[in-house]
$ cat data29.csv   # CSV, C-alpha atoms
chain,number,residue,atom,x,y,z
A,1,MET,CA,-39.9,-24.5,-68.1
A,2,ALA,CA,-36.2,-25.2,-68.8
A,3,ASN,CA,-34.2,-26.9,-66.1
A,4,ALA,CA,-37.3,-28.6,-64.7
A,5,ILE,CA,-37.0,-31.6,-62.4
A,6,LYS,CA,-39.9,-33.9,-62.2
A,7,VAL,CA,-40.1,-36.0,-59.1
A,8,ARG,CA,-42.2,-39.1,-58.3
A,9,SER,CA,-42.1,-40.9,-55.0
A,10,LYS,CA,-43.7,-43.9,-53.5
A,11,LEU,CA,-43.4,-45.1,-49.9
A,12,ASP,CA,-43.3,-48.8,-49.0
A,13,GLY,CA,-43.2,-48.8,-45.2
A,14,ASP,CA,-40.3,-46.4,-44.4
A,15,VAL,CA,-38.6,-47.0,-47.7
A,16,ALA,CA,-39.1,-44.3,-50.3
A,17,LEU,CA,-38.7,-45.0,-54.0
A,18,VAL,CA,-37.7,-41.8,-55.7
A,19,ARG,CA,-37.8,-41.3,-59.4
A,20,LEU,CA,-36.4,-38.2,-61.1
A,21,LEU,CA,-36.6,-36.9,-64.6
A,22,ILE,CA,-34.4,-33.8,-65.2
A,23,SER,CA,-34.7,-31.6,-68.2
A,24,HIS,CA,-31.2,-31.1,-69.5
A,25,PRO,CA,-29.5,-31.4,-73.0
A,26,MET,CA,-26.5,-33.4,-71.6
A,27,GLU,CA,-24.5,-32.5,-74.7
A,28,THR,CA,-21.3,-34.6,-75.1
A,29,GLY,CA,-19.3,-32.0,-77.0
A,30,LEU,CA,-18.9,-34.5,-79.8
A,31,ARG,CA,-22.2,-33.9,-81.6
A,32,LYS,CA,-22.4,-31.7,-84.7
A,33,ASP,CA,-25.4,-29.4,-85.4
A,34,THR,CA,-27.1,-29.2,-88.8
A,35,GLU,CA,-24.4,-26.8,-90.0
A,36,GLY,CA,-21.6,-29.2,-89.1
A,37,GLN,CA,-20.5,-27.2,-86.1
A,38,LEU,CA,-19.6,-29.1,-82.9
A,39,VAL,CA,-22.2,-28.4,-80.1
A,40,PRO,CA,-20.3,-27.5,-77.0
A,41,ALA,CA,-20.3,-30.0,-74.1
A,42,HIS,CA,-23.1,-29.1,-71.7
A,43,PHE,CA,-23.9,-31.6,-69.0
A,44,ILE,CA,-24.8,-32.0,-65.3
A,45,GLU,CA,-21.7,-32.7,-63.2
A,46,LEU,CA,-23.0,-32.8,-59.7
A,47,LEU,CA,-26.4,-34.0,-58.3
A,48,THR,CA,-27.4,-34.0,-54.7
A,49,ILE,CA,-30.6,-35.2,-53.0
A,50,THR,CA,-31.2,-34.4,-49.4
A,51,TYR,CA,-33.9,-35.4,-46.9
A,52,GLY,CA,-33.9,-32.9,-44.1
A,53,GLU,CA,-30.3,-32.6,-43.1
A,54,ARG,CA,-29.4,-36.0,-44.5
A,55,THR,CA,-27.9,-36.5,-48.0
A,56,VAL,CA,-29.7,-39.5,-49.3
A,57,LEU,CA,-27.8,-39.6,-52.7
A,58,SER,CA,-25.1,-37.7,-54.4
A,59,ALA,CA,-23.7,-38.3,-57.8
A,60,GLN,CA,-21.1,-37.1,-60.3
A,61,TRP,CA,-22.1,-37.4,-63.9
A,62,GLY,CA,-20.3,-37.2,-67.2
A,63,PRO,CA,-21.8,-36.4,-70.6
A,64,ALA,CA,-22.5,-40.2,-71.1
A,65,VAL,CA,-25.6,-39.9,-68.9
A,66,SER,CA,-28.5,-39.7,-71.4
A,67,ARG,CA,-30.3,-36.5,-72.4
A,68,ASN,CA,-33.0,-35.6,-69.9
A,69,PRO,CA,-31.6,-37.8,-67.2
A,70,TYR,CA,-33.7,-40.4,-65.5
A,71,LEU,CA,-32.7,-41.7,-62.1
A,72,ALA,CA,-34.5,-44.0,-59.6
A,73,PHE,CA,-33.2,-45.0,-56.1
A,74,ARG,CA,-34.5,-45.9,-52.7
A,75,PHE,CA,-33.7,-44.8,-49.2
A,76,LYS,CA,-34.8,-45.9,-45.7
A,77,GLY,CA,-36.2,-43.8,-42.8
A,78,ALA,CA,-38.6,-41.9,-45.0
A,79,LYS,CA,-42.0,-40.4,-43.8
A,80,LYS,CA,-45.0,-39.5,-45.8
A,81,GLY,CA,-45.4,-35.7,-46.1
A,82,GLU,CA,-41.7,-35.0,-45.5
A,83,LYS,CA,-39.7,-33.2,-48.2
A,84,ILE,CA,-36.8,-34.2,-50.3
A,85,ARG,CA,-34.7,-31.6,-52.1
A,86,ILE,CA,-32.9,-32.2,-55.4
A,87,GLY,CA,-30.2,-29.9,-56.8
A,88,TRP,CA,-27.8,-30.1,-59.7
A,89,VAL,CA,-24.9,-28.0,-61.1
A,90,ASP,CA,-23.7,-28.4,-64.7
A,91,ASN,CA,-20.3,-27.7,-66.4
A,92,MET,CA,-21.5,-24.3,-67.5
A,93,GLY,CA,-22.2,-23.2,-64.0
A,94,GLU,CA,-26.0,-23.5,-64.4
A,95,SER,CA,-28.0,-25.1,-61.6
A,96,ALA,CA,-31.5,-25.9,-60.5
A,97,THR,CA,-33.2,-27.1,-57.4
A,98,GLU,CA,-36.5,-28.7,-56.7
A,99,GLU,CA,-38.4,-29.7,-53.6
A,100,ALA,CA,-40.9,-32.5,-53.5
A,101,THR,CA,-43.1,-34.0,-50.8
A,102,LEU,CA,-42.9,-37.7,-50.2
A,103,GLU,CA,-46.2,-39.5,-51.1
B,1,MET,CA,-29.1,-13.1,-72.6
B,2,LYS,CA,-26.1,-11.3,-71.0
B,3,GLY,CA,-28.0,-10.7,-67.8
B,4,ARG,CA,-29.0,-14.4,-67.7
B,5,ARG,CA,-25.4,-15.5,-68.1
B,6,ALA,CA,-24.3,-13.1,-65.3
B,7,PHE,CA,-27.1,-14.4,-63.1
B,8,LEU,CA,-26.2,-18.0,-63.8
B,9,LYS,CA,-22.5,-17.2,-63.1
B,10,LEU,CA,-23.6,-15.7,-59.8
B,11,LEU,CA,-25.7,-18.8,-59.0
B,12,SER,CA,-22.8,-21.0,-59.7
B,13,LEU,CA,-20.5,-18.9,-57.5
B,14,MET,CA,-23.2,-19.1,-54.8
B,15,ALA,CA,-23.4,-22.9,-55.3
B,16,ALA,CA,-19.7,-23.2,-55.0
B,17,ALA,CA,-19.9,-21.2,-51.8
B,18,GLY,CA,-22.7,-23.5,-50.6
B,19,LEU,CA,-25.3,-20.7,-50.6
B,20,VAL,CA,-27.7,-22.5,-52.9
B,21,PRO,CA,-29.5,-25.0,-50.8
B,22,GLY,CA,-29.7,-28.6,-51.9
B,23,ILE,CA,-26.3,-28.5,-53.5
B,24,ALA,CA,-23.4,-29.9,-51.6
B,25,LYS,CA,-20.6,-27.5,-51.0
B,26,ALA,CA,-17.0,-28.5,-51.2
B,27,GLU,CA,-17.8,-31.3,-53.6
B,28,LYS,CA,-15.8,-31.2,-56.7
B,29,TRP,CA,-16.3,-32.9,-60.0
B,30,ASN,CA,-13.6,-35.5,-60.5
B,31,SER,CA,-12.5,-34.3,-64.0
B,32,ALA,CA,-9.5,-36.7,-64.0
B,33,ALA,CA,-11.7,-39.8,-63.6
B,34,PHE,CA,-14.2,-38.5,-66.2
B,35,SER,CA,-11.4,-38.0,-68.7
B,36,ALA,CA,-9.9,-41.5,-68.2
B,37,LYS,CA,-9.8,-43.8,-71.2
B,38,SER,CA,-9.8,-47.2,-69.6
B,39,VAL,CA,-11.4,-49.2,-66.9
B,40,ASP,CA,-8.2,-49.6,-65.0
B,41,GLU,CA,-7.4,-45.9,-65.1
B,42,VAL,CA,-10.9,-45.0,-63.8
B,43,VAL,CA,-10.6,-47.5,-60.9
B,44,LYS,CA,-7.2,-46.0,-60.0
B,45,LEU,CA,-8.6,-42.4,-60.2
B,46,LEU,CA,-11.5,-43.4,-58.0
B,47,GLY,CA,-9.0,-44.5,-55.4
B,48,GLY,CA,-9.0,-48.3,-56.0
B,49,SER,CA,-6.9,-51.0,-57.5
B,50,ALA,CA,-7.4,-54.6,-58.7
B,51,PRO,CA,-11.2,-54.7,-58.6
B,52,GLN,CA,-12.6,-58.2,-58.2
B,53,GLN,CA,-15.5,-59.6,-60.2
B,54,SER,CA,-18.4,-60.4,-57.8
B,55,ASP,CA,-21.8,-62.0,-58.2
B,56,GLN,CA,-22.8,-59.6,-55.4
B,57,VAL,CA,-22.9,-56.8,-57.9
B,58,ILE,CA,-25.9,-57.1,-60.2
B,59,LEU,CA,-26.0,-55.2,-63.5
B,60,ASN,CA,-29.2,-55.4,-65.5
B,61,GLY,CA,-29.5,-53.9,-69.0
B,62,PRO,CA,-30.6,-54.9,-72.4
B,63,GLU,CA,-28.8,-57.5,-74.5
B,64,ILE,CA,-29.2,-55.2,-77.5
B,65,ALA,CA,-29.7,-51.4,-77.3
B,66,GLU,CA,-31.3,-50.2,-80.5
B,67,ASN,CA,-30.6,-46.6,-79.5
B,68,GLY,CA,-27.2,-46.1,-78.0
B,69,ALA,CA,-28.3,-42.6,-76.8
B,70,VAL,CA,-30.7,-44.2,-74.2
B,71,VAL,CA,-29.5,-47.4,-72.7
B,72,PRO,CA,-31.4,-48.2,-69.4
B,73,LEU,CA,-29.3,-49.8,-66.7
B,74,GLU,CA,-30.0,-51.0,-63.2
B,75,ILE,CA,-27.2,-51.7,-60.8
B,76,SER,CA,-27.7,-53.2,-57.3
B,77,SER,CA,-25.5,-54.9,-54.8
B,78,THR,CA,-25.8,-57.3,-51.9
B,79,LEU,CA,-22.3,-56.4,-50.7
B,80,PRO,CA,-22.4,-55.2,-47.1
B,81,GLY,CA,-21.9,-51.4,-46.7
B,82,ALA,CA,-21.7,-50.5,-50.4
B,83,GLU,CA,-20.5,-46.9,-50.5
B,84,SER,CA,-20.6,-46.1,-54.2
B,85,ILE,CA,-21.7,-47.3,-57.5
B,86,ALA,CA,-20.0,-46.3,-60.7
B,87,ILE,CA,-20.9,-47.0,-64.4
B,88,LEU,CA,-18.1,-47.6,-66.8
B,89,ILE,CA,-18.5,-48.0,-70.5
B,90,GLU,CA,-15.4,-49.5,-72.1
B,91,LYS,CA,-15.5,-48.1,-75.6
B,92,ASN,CA,-17.0,-44.7,-74.9
B,93,PRO,CA,-14.8,-41.7,-75.6
B,94,ASN,CA,-14.5,-41.4,-71.8
B,95,THR,CA,-14.9,-44.6,-69.8
B,96,LEU,CA,-16.6,-43.3,-66.7
B,97,ALA,CA,-20.3,-42.4,-67.2
B,98,ALA,CA,-21.5,-41.8,-63.6
B,99,ASN,CA,-20.5,-42.3,-60.0
B,100,PHE,CA,-23.1,-42.4,-57.3
B,101,VAL,CA,-22.3,-42.1,-53.6
B,102,ILE,CA,-24.5,-44.3,-51.5
B,103,PRO,CA,-24.8,-43.0,-47.9
B,104,PRO,CA,-25.9,-45.3,-45.0
B,105,GLY,CA,-29.7,-45.7,-45.2
B,106,THR,CA,-29.8,-45.5,-49.0
B,107,LEU,CA,-30.2,-48.9,-50.8
B,108,PRO,CA,-27.4,-49.8,-53.2
B,109,ASP,CA,-29.9,-50.0,-56.1
B,110,ILE,CA,-29.8,-47.4,-58.9
B,111,GLN,CA,-31.6,-47.1,-62.2
B,112,THR,CA,-30.5,-44.7,-64.8
B,113,ARG,CA,-30.0,-44.3,-68.6
B,114,VAL,CA,-26.7,-43.8,-70.4
B,115,LYS,CA,-25.2,-43.3,-73.8
B,116,MET,CA,-23.1,-45.9,-75.5
B,117,ASN,CA,-21.1,-45.1,-78.6
B,118,GLU,CA,-20.8,-48.8,-79.8
B,119,THR,CA,-21.1,-52.4,-78.7
B,120,CYS,CA,-18.9,-53.0,-75.7
B,121,ASN,CA,-18.6,-54.1,-72.1
B,122,VAL,CA,-20.4,-52.1,-69.5
B,123,PHE,CA,-19.0,-52.4,-65.9
B,124,ALA,CA,-20.8,-51.7,-62.7
B,125,LEU,CA,-18.2,-50.9,-60.1
B,126,VAL,CA,-19.2,-51.0,-56.4
B,127,LYS,CA,-17.0,-49.8,-53.6
B,128,SER,CA,-17.5,-51.8,-50.3
B,129,ASP,CA,-15.4,-51.8,-47.2
B,130,GLY,CA,-12.7,-49.8,-49.1
B,131,LYS,CA,-12.4,-52.4,-51.9
B,132,PHE,CA,-13.8,-52.4,-55.5
B,133,PHE,CA,-16.0,-55.1,-56.9
B,134,TYR,CA,-17.6,-55.3,-60.4
B,135,ALA,CA,-20.1,-56.9,-62.7
B,136,VAL,CA,-19.7,-56.8,-66.4
B,137,LYS,CA,-22.1,-57.2,-69.2
B,138,GLU,CA,-21.7,-56.8,-73.0
B,139,ILE,CA,-24.4,-54.6,-74.5
B,140,LYS,CA,-24.8,-54.6,-78.3
B,141,VAL,CA,-25.5,-51.2,-79.7
B,142,THR,CA,-27.3,-50.8,-83.1
B,143,LEU,CA,-27.0,-47.0,-83.3
B,144,GLY,CA,-24.3,-45.2,-81.4
B,145,GLY,CA,-25.3,-42.5,-79.0
B,146,CYS,CA,-22.4,-40.1,-78.5
B,147,GLY,CA,-21.8,-38.2,-81.7
B,148,GLY,CA,-24.5,-38.6,-84.4
$ encode --input "data29.csv" --output "structure tokens"
Amino acid sequence: MANAIKVRSKLDGDVALVRLLISHPMETGLRKDTEGQLVPAHFIELLTITYGERTVLSAQWGPAVSRNPYLAFRFKGAKKGEKIRIGWVDNMGESATEEATLE
Amino acid sequence: MKGRRAFLKLLSLMAAAGLVPGIAKAEKWNSAAFSAKSVDEVVKLLGGSAPQQSDQVILNGPEIAENGAVVPLEISSTLPGAESIAILIEKNPNTLAANFVIPPGTLPDIQTRVKMNETCNVFALVKSDGKFFYAVKEIKVTLGGCGG
């Protein structure tokens, strides 16, 4: 599926390590296709990760984040079985969300 | 295809209005900062000035990146109350690559992958207590990752 977000989590006490892999072309707008035409810029601008009501990470990205972005981070106060929610919006107005249970 | 576009447009409008869960409303992409062409300009547009080099900002990355399209970086900080972490790549077409907001309870330790157009300095910029601190590392790039 396009726009998929893969989530892996690992708890160490109450600290959750979250690793994300997001399917997205992250086009810079500088790349040419095989016909020599510039491929329009297409990249994730905003990323938000929430745990319950709490935002545990938010980010603004430019096209210099690699294609199919990878991100790892850790937050405290996490409980096994609780959910995190990931959402992004890109420069073309496309978006995706994903929910994952902390393991 | 037309229907899909229309749907995506609707989704984006909903996202803008905060109707799509998981996407922060009212947050706006900082287009000025992402268009900036120098480290100084980015710092200014992120609301800082005169960042100080600090060994409490740790930037890990390869000495040599064979593929500039995928350069793994890890940035962490031992500064108290780090609020944000930004990645700046000096010789990319636009300097700012990413800016992460670190709320209380989240550890200032981020791993991600970025594109580098050519060999240059990479800056990790951390905001702590309203001031900006940085670490810098030169990463050599064998094959540029922006155009190509």
$ interface_residues --input "data29.csv" --of "chain A" --to "chain B" --cutoff "8 Å" --atoms "only C-alpha atoms" --output "NGL selection string"
:A and (28 or 30-32 or 45-50 or 55-67 or 69-77 or 85-89 or 93-95 or 97)
$ closest_residue --input "data29.csv" --among "A:Leu11, A:Tyr51, A:His24, A:Ile5" --to "Asn68 in chain A" --atoms "all atoms listed in the file"
A:His24
$ atom_distance --input "data29.csv" --atom1 "CA of Pro51 in chain B" --atom2 "CA of Lys37 in chain B"
16.7 Å
$ residues_around --input "data29.csv" --residues "range 119-125 of chain B" --least-positions-apart "5" --cutoff "7 Å" --atoms "only C-alpha atoms" --output "CSV table (one decimal) with C-alpha atoms, keeping the file's coordinate frame"
chain,number,residue,atom,x,y,z
B,59,LEU,CA,-26.0,-55.2,-63.5
B,75,ILE,CA,-27.2,-51.7,-60.8
B,85,ILE,CA,-21.7,-47.3,-57.5
B,86,ALA,CA,-20.0,-46.3,-60.7
B,87,ILE,CA,-20.9,-47.0,-64.4
B,88,LEU,CA,-18.1,-47.6,-66.8
B,89,ILE,CA,-18.5,-48.0,-70.5
B,90,GLU,CA,-15.4,-49.5,-72.1
B,91,LYS,CA,-15.5,-48.1,-75.6
B,132,PHE,CA,-13.8,-52.4,-55.5
B,133,PHE,CA,-16.0,-55.1,-56.9
B,134,TYR,CA,-17.6,-55.3,-60.4
B,135,ALA,CA,-20.1,-56.9,-62.7
B,136,VAL,CA,-19.7,-56.8,-66.4
B,137,LYS,CA,-22.1,-57.2,-69.2
B,138,GLU,CA,-21.7,-56.8,-73.0
B,139,ILE,CA,-24.4,-54.6,-74.5
B,140,LYS,CA,-24.8,-54.6,-78.3
B,141,VAL,CA,-25.5,-51.2,-79.7
$ atom_distance --input "data29.csv" --atom1 "CA of Ala82 in chain B" --atom2 "CA of Val57 in chain B"
9.9 Å
$ atom_distance --input "data29.csv" --atom1 "CA of Lys80 in chain A" --atom2 "CA of Leu21 in chain A"
20.8 Å
$ decode --input "data29.csv" --residues "range 76-95 of chain A" --atoms "N, CA and C atoms" --output "tab-separated table (two decimals), in the first residue's frame"
chain	number	residue	atom	x	y	z
A	76	LYS	N	9.61	8.97	27.38
A	76	LYS	CA	9.38	8.39	28.72
A	76	LYS	C	7.89	8.32	29.02
A	77	GLY	N	7.56	7.55	30.05
A	77	GLY	CA	6.17	7.48	30.52
A	77	GLY	C	5.31	6.57	29.67
A	78	ALA	N	5.96	5.64	28.96
A	78	ALA	CA	5.22	4.75	28.05
A	78	ALA	C	4.80	3.47	28.77
A	79	LYS	N	3.66	2.94	28.37
A	79	LYS	CA	3.16	1.68	28.93
A	79	LYS	C	2.89	0.68	27.81
A	80	LYS	N	3.25	-0.55	28.08
A	80	LYS	CA	2.98	-1.63	27.13
A	80	LYS	C	1.48	-1.72	26.84
A	81	GLY	N	1.14	-1.93	25.59
A	81	GLY	CA	-0.26	-2.09	25.22
A	81	GLY	C	-0.97	-0.79	24.88
A	82	GLU	N	-0.34	0.35	25.25
A	82	GLU	CA	-0.93	1.64	24.89
A	82	GLU	C	-0.57	1.97	23.44
A	83	LYS	N	-1.30	2.93	22.88
A	83	LYS	CA	-1.12	3.20	21.45
A	83	LYS	C	-0.40	4.53	21.18
A	84	ILE	N	0.39	4.52	20.13
A	84	ILE	CA	0.88	5.78	19.59
A	84	ILE	C	0.25	5.97	18.22
A	85	ARG	N	0.18	7.22	17.83
A	85	ARG	CA	-0.45	7.55	16.56
A	85	ARG	C	0.51	8.46	15.77
A	86	ILE	N	0.70	8.10	14.52
A	86	ILE	CA	1.64	8.84	13.67
A	86	ILE	C	0.85	9.45	12.52
A	87	GLY	N	1.10	10.69	12.24
A	87	GLY	CA	0.45	11.33	11.10
A	87	GLY	C	1.40	12.25	10.36
A	88	TRP	N	1.29	12.26	9.04
A	88	TRP	CA	2.08	13.22	8.26
A	88	TRP	C	1.22	13.90	7.21
A	89	VAL	N	1.69	15.08	6.78
A	89	VAL	CA	1.08	15.84	5.69
A	89	VAL	C	2.21	16.26	4.76
A	90	ASP	N	2.00	16.12	3.44
A	90	ASP	CA	3.08	16.54	2.54
A	90	ASP	C	2.73	17.82	1.78
A	91	ASN	N	3.66	18.27	0.94
A	91	ASN	CA	3.50	19.56	0.27
A	91	ASN	C	2.41	19.54	-0.79
A	92	MET	N	1.94	18.34	-1.16
A	92	MET	CA	0.84	18.26	-2.13
A	92	MET	C	-0.49	18.07	-1.43
A	93	GLY	N	-0.48	18.17	-0.11
A	93	GLY	CA	-1.72	18.05	0.64
A	93	GLY	C	-2.13	16.62	0.91
A	94	GLU	N	-1.28	15.66	0.54
A	94	GLU	CA	-1.59	14.28	0.87
A	94	GLU	C	-1.23	14.04	2.34
A	95	SER	N	-1.87	13.04	2.92
A	95	SER	CA	-1.57	12.76	4.32
A	95	SER	C	-1.80	11.28	4.61
